[in-house]
Amino acid sequence: MKNSYICNCSKPNFKNNYSYWEDRSSTSDEKEIIHHLKKNINLENKKILHVGIGNSYFAQVILNKNIVFGISVSSHEIFKANNLNLDNYKVYLCDKFSTNFYDLFHNQKFDIIVDNNIKSYSCCKMSYYYFIDNLFKMLNDNGILITSRKGMNWYKNIVPKLSFNFKKLFHYKLKEISGNSENIMSLEEAKFISDKYSLNLNFNEKICLFEK
Ligand SMILES: C[S@@+](CC[C@H](N)C(=O)[O-])C[C@H]1O[C@@H](n2cnc3c(N)ncnc32)[C@H](O)[C@@H]1O
């Protein structure tokens with residue numbers, strides 16, 4: 001079954017079998033977030049949501065007496081994540097802009113939410129605001145949502161493209177194409193969001209943190 005949306009923008013059917021970031025290296029954005037979390041936050045007994053699991057490096061280094069939920073639009077990333085057989089790592093093929101994301105998590109609260117590309121891939125303002133409204137409501141009291149300053153400036157669209165390599169033979173992968181520069185998330189916008197949801201905003205040159 002396809003994802004459903006509150007907007008009419010055309011999108012790939014992410015329920016199809018797409019490869020994306022499963023064999024690529026983690027971004028420096030994600031590594032900076034991991035560094036910040038490990039250095040500054042007690043991660044024990046925390047319920048964590050990772051939006052955009054990529055190659056699952058995040059879960060591999062963060063899992064320790066905690067639980068990580070992850071989502072991705074690539075079934076190959078999900079397949080890789082499940083094959084790691086990590087305890088307390090639960091992953092879902094789910095588009096964060098869809099109503100399916102709400103259905104999946106609306107009755108859950110997370111202590112830590114990580115999304116290094118909050119706005120990067122959004123199709124329109126309506127779905128973007130719908131997503132962040134859902135996201136911030138999933139934040140536990142005293143919870144934090146952490147993103148990357150580099151990721152805030154990144155904006156791409158992803159489209160399926162038939163591709164070939166000797167490992168995967170013919171397959172569809174999600175290819176990045178140029179996106180909408182309105183998907184740059186400025187610090188002013190981060191401040192606006194933190195006011196709207198009554199959060200404290202902290203940032204340095206690498207990360208941006210919303211605290212409840
Ligand atoms: C550029 S990759 C980064 C992967 C990893 N977070 C890292 O930094 O190395 C973007 C990730 O976001 C996921 N993603 C992109 N659009 C998404 C959406 N609308 N909903 C959920 N995940 C999405 C992709 O599946 C992929 O895991």
# chains A, B, ... in the order shown; residues from 1 in each chain; ligands from 1

call {"tool": "closest_atom_pairs", "arguments": {"of": "region 11-110 of chain A", "to": "region 146-167 of chain A", "cutoff": "9 Å", "atoms": "only C-alpha atoms", "output": "CSV"}}
result
residue,atom,partner,partner_atom,distance
A:Lys11,CA,A:Val159,CA,8.1
A:Pro12,CA,A:Val159,CA,6.7
A:Tyr18,CA,A:Pro160,CA,7.3
A:Ser19,CA,A:Pro160,CA,8.9
A:Ser28,CA,A:Lys150,CA,8.7
A:Asp29,CA,A:Ser148,CA,5.6
A:Glu30,CA,A:Ser148,CA,7.3
A:Glu32,CA,A:Ser148,CA,7.6
A:Ile33,CA,A:Ser148,CA,6.7
A:Leu37,CA,A:Ile146,CA,8.9

call {"tool": "residues_near_ligand", "arguments": {"ligand": "ligand 1", "cutoff": "7 Å", "atoms": "only C-alpha atoms and all ligand atoms", "output": "mmCIF file with C-alpha atoms, in the first residue's frame"}}
result
data_model
loop_
_atom_site.group_PDB
_atom_site.id
_atom_site.type_symbol
_atom_site.label_atom_id
_atom_site.label_comp_id
_atom_site.auth_asym_id
_atom_site.auth_seq_id
_atom_site.Cartn_x
_atom_site.Cartn_y
_atom_site.Cartn_z
ATOM 1 C CA TYR A 20 19.792 4.783 -1.256
ATOM 2 C CA TRP A 21 22.345 5.266 1.524
ATOM 3 C CA SER A 25 29.524 6.420 4.446
ATOM 4 C CA SER A 26 27.776 8.307 7.200
ATOM 5 C CA THR A 27 27.687 12.024 6.582
ATOM 6 C CA SER A 28 29.881 14.369 8.604
ATOM 7 C CA ASP A 29 26.562 15.923 9.782
ATOM 8 C CA GLU A 30 25.584 12.685 11.449
ATOM 9 C CA VAL A 51 14.876 9.927 11.142
ATOM 10 C CA GLY A 52 16.900 8.836 8.086
ATOM 11 C CA ILE A 53 18.886 5.795 9.208
ATOM 12 C CA GLY A 54 21.221 5.671 6.176
ATOM 13 C CA ASN A 55 23.751 2.874 6.755
ATOM 14 C CA ILE A 71 12.794 5.337 9.726
ATOM 15 C CA SER A 72 13.864 5.556 6.112
ATOM 16 C CA VAL A 73 12.334 5.788 2.643
ATOM 17 C CA SER A 74 14.698 3.132 1.297
ATOM 18 C CA GLU A 77 18.441 0.657 4.158
ATOM 19 C CA CYS A 94 8.096 5.294 6.353
ATOM 20 C CA ASP A 95 8.040 8.729 4.747
ATOM 21 C CA LYS A 96 8.176 11.289 7.552
ATOM 22 C CA PHE A 97 5.975 13.680 5.542
ATOM 23 C CA ASN A 116 20.021 15.839 10.333
ATOM 24 C CA TYR A 121 13.490 16.897 1.298
ATOM 25 C CA SER A 122 10.130 18.507 1.888
#

call {"tool": "residues_around", "arguments": {"residues": "Asn134 (chain A)", "least_positions_apart": "5", "cutoff": "9 Å", "atoms": "only C-alpha atoms", "output": "ChimeraX atom specification"}}
result
/A:101-102,105-106,129

call {"tool": "residues_around", "arguments": {"residues": "Tyr89 (chain A)", "least_positions_apart": "3", "cutoff": "8 Å", "atoms": "only C-alpha atoms", "output": "NGL selection string"}}
result
:A and (59 or 63 or 67-70 or 86)

call {"tool": "closest_residue", "arguments": {"among": "A:Ser198, A:Asn42, A:Asn83, A:Asn16", "to": "Lys173 (chain A)", "atoms": "only C-alpha atoms"}}
result
A:Asn16

call {"tool": "residues_around", "arguments": {"residues": "region 187-193 of chain A", "least_positions_apart": "6", "cutoff": "9 Å", "atoms": "only C-alpha atoms", "output": "list in words"}}
result
Ile132, Arg149, Met152, Leu199, Asn200, Leu201, Phe203, Cys208 and Phe210 of chain A

call {"tool": "select_by_dssp", "arguments": {"residues": "region 5-185 of chain A", "states": "alpha helix (DSSP H)", "output": "VMD selection string"}}
result
chain A and resid 28 to 40 57 to 62 75 to 83 99 to 105 125 to 137 149 to 152

call {"tool": "residues_around", "arguments": {"residues": "Asn82 (chain A)", "least_positions_apart": "5", "cutoff": "10 Å", "atoms": "only C-alpha atoms", "output": "ChimeraX atom specification"}}
result
/A:56,76-77,89-92

call {"tool": "closest_residue", "arguments": {"among": "A:Tyr5, A:Tyr197, A:Phe170, A:Tyr128", "to": "Glu182 (chain A)", "atoms": "only C-alpha atoms"}}
result
A:Tyr128

call {"tool": "atom_distance", "arguments": {"atom1": "CA of Asn107 (chain A)", "atom2": "CA of Asn183 (chain A)"}}
result
28.0 Å

call {"tool": "atom_distance", "arguments": {"atom1": "CA of Lys119 (chain A)", "atom2": "CA of Asn180 (chain A)"}}
result
10.3 Å

call {"tool": "select_by_dssp", "arguments": {"residues": "chain A", "states": "strand (DSSP E or B)", "output": "PyMOL selection string"}}
result
chain A and resi 18-19+47-51+67-72+89-93+110-114+139-148+156-165+169-178+200-203+207-211

call {"tool": "closest_residue", "arguments": {"among": "A:Ile41, A:Ile6, A:Val114, A:Ile34", "to": "Ser127 (chain A)", "atoms": "only C-alpha atoms"}}
result
A:Ile6

call {"tool": "closest_residue", "arguments": {"among": "A:Gln60, A:Asn202, A:Asn13, A:Gly179", "to": "Cys124 (chain A)", "atoms": "only C-alpha atoms"}}
result
A:Gly179

call {"tool": "residues_around", "arguments": {"residues": "Asp141 (chain A)", "least_positions_apart": "2", "cutoff": "9 Å", "atoms": "only C-alpha atoms", "output": "compact mmCIF listing (two decimals) with N, CA, C and O atoms, in the first residue's frame"}}
result
# COMPACT_ATOMS: atom_id res chain seq x y z
N LYS A 109 6.35 8.69 22.74
CA LYS A 109 7.14 9.86 23.12
C LYS A 109 8.62 9.45 23.12
O LYS A 109 8.95 8.36 23.62
N PHE A 110 9.45 10.32 22.59
CA PHE A 110 10.88 10.02 22.53
C PHE A 110 11.67 11.02 23.38
O PHE A 110 11.32 12.20 23.45
N ASP A 111 12.74 10.52 23.99
CA ASP A 111 13.61 11.39 24.78
C ASP A 111 14.57 12.16 23.87
O ASP A 111 14.96 13.28 24.17
N LEU A 139 7.96 14.54 21.23
CA LEU A 139 9.08 14.80 22.14
C LEU A 139 8.60 14.69 23.59
O LEU A 139 7.64 15.36 23.97
N GLY A 143 12.75 16.27 26.67
CA GLY A 143 13.35 15.64 25.49
C GLY A 143 14.10 16.66 24.64
O GLY A 143 13.92 17.87 24.76
N ILE A 144 14.96 16.13 23.75
CA ILE A 144 15.69 17.02 22.82
C ILE A 144 15.53 16.53 21.39
O ILE A 144 15.43 15.33 21.12
N GLU A 211 15.16 21.97 22.88
CA GLU A 211 14.97 21.28 24.17
C GLU A 211 13.60 21.58 24.74
O GLU A 211 13.20 22.75 24.80
N LYS A 212 12.91 20.55 25.21
CA LYS A 212 11.57 20.75 25.78
C LYS A 212 11.66 21.03 27.28
O LYS A 212 12.47 20.40 27.96
